[in-house]
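Inspection log for the structure reproduced underneath, given as structure tokens.
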Amino acid sequence: MIKTTAPDNTLLVQARVIPSEIGFLNALVEEYEGLAHMRTLDRRSGVLKFWTPRSQWDLLQSVFDDFIAWGWMLSYERIEPWWEIRTDQAPNPS
């Protein structure tokens, strides 16, 4: 069984960036109101997650392509489906 836990119109993007640029990139993304919500997963290796409305995907790709061109971001990929949790798997042993 699969349980939906988030709206279908939300996309998840994982990115690798230059660690020293995390704060700067967060500030830039915040300037595009409604573009994406960012979280740092690992600041040492520069792994970030972004949640974005599906309607903003083309703009986010364009912004990220510019970040790569400017040398601030190394890569990004859209993760799908990110909102599903499998509930038919055995629980983890304690």
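Quick note on naming: the chains in the structure tokens go A, B, ... in the order shown, residues restart at 1 in each chain, and ligands are numbered from 1 in order of appearance.
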
Identify, on the basis of only C-alpha atoms, every residue whose closest approach to A:Gln56 does not exceed 9 Å; exclude the query and any residue fewer than 6 positions from it along the same chain; express the result as a VMD selection string.
chain A and resid 34 to 36

Excluding stretch 15-26 of chain A and any residue of its chain fewer than 6 positions from it, enumerate the residues within 10 Å of it, using only C-alpha atoms, and give them as a short mmCIF file (atom, residue, chain, number, x, y, z; two decimals) with N, CA and C atoms, in the first residue's frame.
data_model
loop_
_atom_site.label_atom_id
_atom_site.label_comp_id
_atom_site.auth_asym_id
_atom_site.auth_seq_id
_atom_site.Cartn_x
_atom_site.Cartn_y
_atom_site.Cartn_z
N ALA A 36 10.87 28.28 -4.54
CA ALA A 36 11.26 27.02 -3.89
C ALA A 36 11.52 27.25 -2.41
N HIS A 37 11.44 26.15 -1.69
CA HIS A 37 11.78 26.14 -0.26
C HIS A 37 13.01 25.26 -0.14
N MET A 38 14.09 25.78 0.48
CA MET A 38 15.37 25.08 0.52
C MET A 38 15.68 24.56 1.91
N ARG A 39 16.29 23.38 1.96
CA ARG A 39 16.82 22.81 3.20
C ARG A 39 18.21 22.25 2.92
N THR A 40 19.12 22.44 3.85
CA THR A 40 20.45 21.87 3.75
C THR A 40 20.44 20.49 4.37
N LEU A 41 20.84 19.49 3.60
CA LEU A 41 20.93 18.13 4.12
C LEU A 41 22.31 17.84 4.70
N ASP A 42 23.35 18.32 4.02
CA ASP A 42 24.72 18.12 4.49
C ASP A 42 25.55 19.32 4.08
N ARG A 43 25.84 20.17 5.04
CA ARG A 43 26.55 21.41 4.70
C ARG A 43 28.00 21.16 4.29
N ARG A 44 28.60 20.11 4.81
CA ARG A 44 30.01 19.83 4.46
C ARG A 44 30.17 19.40 3.01
N SER A 45 29.23 18.61 2.52
CA SER A 45 29.32 18.17 1.13
C SER A 45 28.44 19.00 0.20
N GLY A 46 27.68 19.95 0.75
CA GLY A 46 26.87 20.85 -0.08
C GLY A 46 25.64 20.21 -0.69
N VAL A 47 25.00 19.29 0.05
CA VAL A 47 23.79 18.64 -0.46
C VAL A 47 22.57 19.39 0.05
N LEU A 48 21.73 19.83 -0.87
CA LEU A 48 20.54 20.61 -0.56
C LEU A 48 19.31 19.93 -1.14
N LYS A 49 18.16 20.20 -0.55
CA LYS A 49 16.87 19.80 -1.11
C LYS A 49 16.03 21.04 -1.30
N PHE A 50 15.29 21.04 -2.40
CA PHE A 50 14.37 22.13 -2.72
C PHE A 50 13.00 21.55 -3.00
N PHE A 64 18.78 27.24 -11.73
CA PHE A 64 19.83 26.29 -11.39
C PHE A 64 20.86 26.16 -12.51
N PHE A 67 23.12 28.94 -11.97
CA PHE A 67 24.00 28.67 -10.82
C PHE A 67 25.16 27.76 -11.24
N ILE A 68 24.87 26.77 -12.07
CA ILE A 68 25.93 25.87 -12.55
C ILE A 68 26.91 26.64 -13.44
N GLY A 71 29.27 28.59 -11.51
CA GLY A 71 30.18 27.81 -10.68
C GLY A 71 29.76 27.65 -9.23
N TRP A 72 28.51 27.98 -8.91
CA TRP A 72 28.03 27.87 -7.53
C TRP A 72 27.39 26.52 -7.24
N MET A 73 26.85 25.88 -8.28
CA MET A 73 26.15 24.60 -8.13
C MET A 73 26.85 23.59 -9.02
N LEU A 74 26.96 22.36 -8.51
CA LEU A 74 27.60 21.29 -9.27
C LEU A 74 26.60 20.49 -10.09
N SER A 75 25.44 20.20 -9.49
CA SER A 75 24.43 19.39 -10.19
C SER A 75 23.10 19.50 -9.46
N TYR A 76 22.04 19.07 -10.16
CA TYR A 76 20.72 18.97 -9.53
C TYR A 76 19.93 17.89 -10.24
N GLU A 77 18.98 17.30 -9.52
CA GLU A 77 18.10 16.32 -10.12
C GLU A 77 16.75 16.33 -9.44
N ARG A 78 15.73 16.11 -10.24
CA ARG A 78 14.37 16.02 -9.72
C ARG A 78 14.15 14.60 -9.20
#

Interatomic distance between atom CA of A:Ile79 and atom CA of A:Asp66?
20.2 Å

Write out as a list of chain:residue names the residues lying within 6 Å of A:Thr10, counting only C-alpha atoms and excluding same-chain residues fewer than 6 positions away.
A:Thr52, A:Pro53, A:Arg54

Store the residues picked out above in a file with N, CA and C atoms, as a short mmCIF file (atom, residue, chain, number, x, y, z; two decimals), in the first residue's frame.
data_model
loop_
_atom_site.label_atom_id
_atom_site.label_comp_id
_atom_site.auth_asym_id
_atom_site.auth_seq_id
_atom_site.Cartn_x
_atom_site.Cartn_y
_atom_site.Cartn_z
N THR A 52 9.41 22.67 -4.69
CA THR A 52 8.91 23.71 -5.56
C THR A 52 7.55 23.32 -6.14
N PRO A 53 6.68 24.29 -6.37
CA PRO A 53 5.43 23.98 -7.07
C PRO A 53 5.75 23.53 -8.50
N ARG A 54 4.99 22.58 -9.01
CA ARG A 54 5.20 22.09 -10.38
C ARG A 54 5.17 23.24 -11.38
#

Would you please work out which residue, of A:Leu59, A:Glu30, A:Trp51, A:Asp65, is nearest to A:Glu80 when using only C-alpha atoms?
A:Trp51

Taking only stretch 7-89 of chain A into account, list the residues labelled strand (DSSP E or B) by DSSP (computed from the backbone), as an MDAnalysis selection string.
chainID A and resid 10:17 37:42 47:53 73:79 84:86
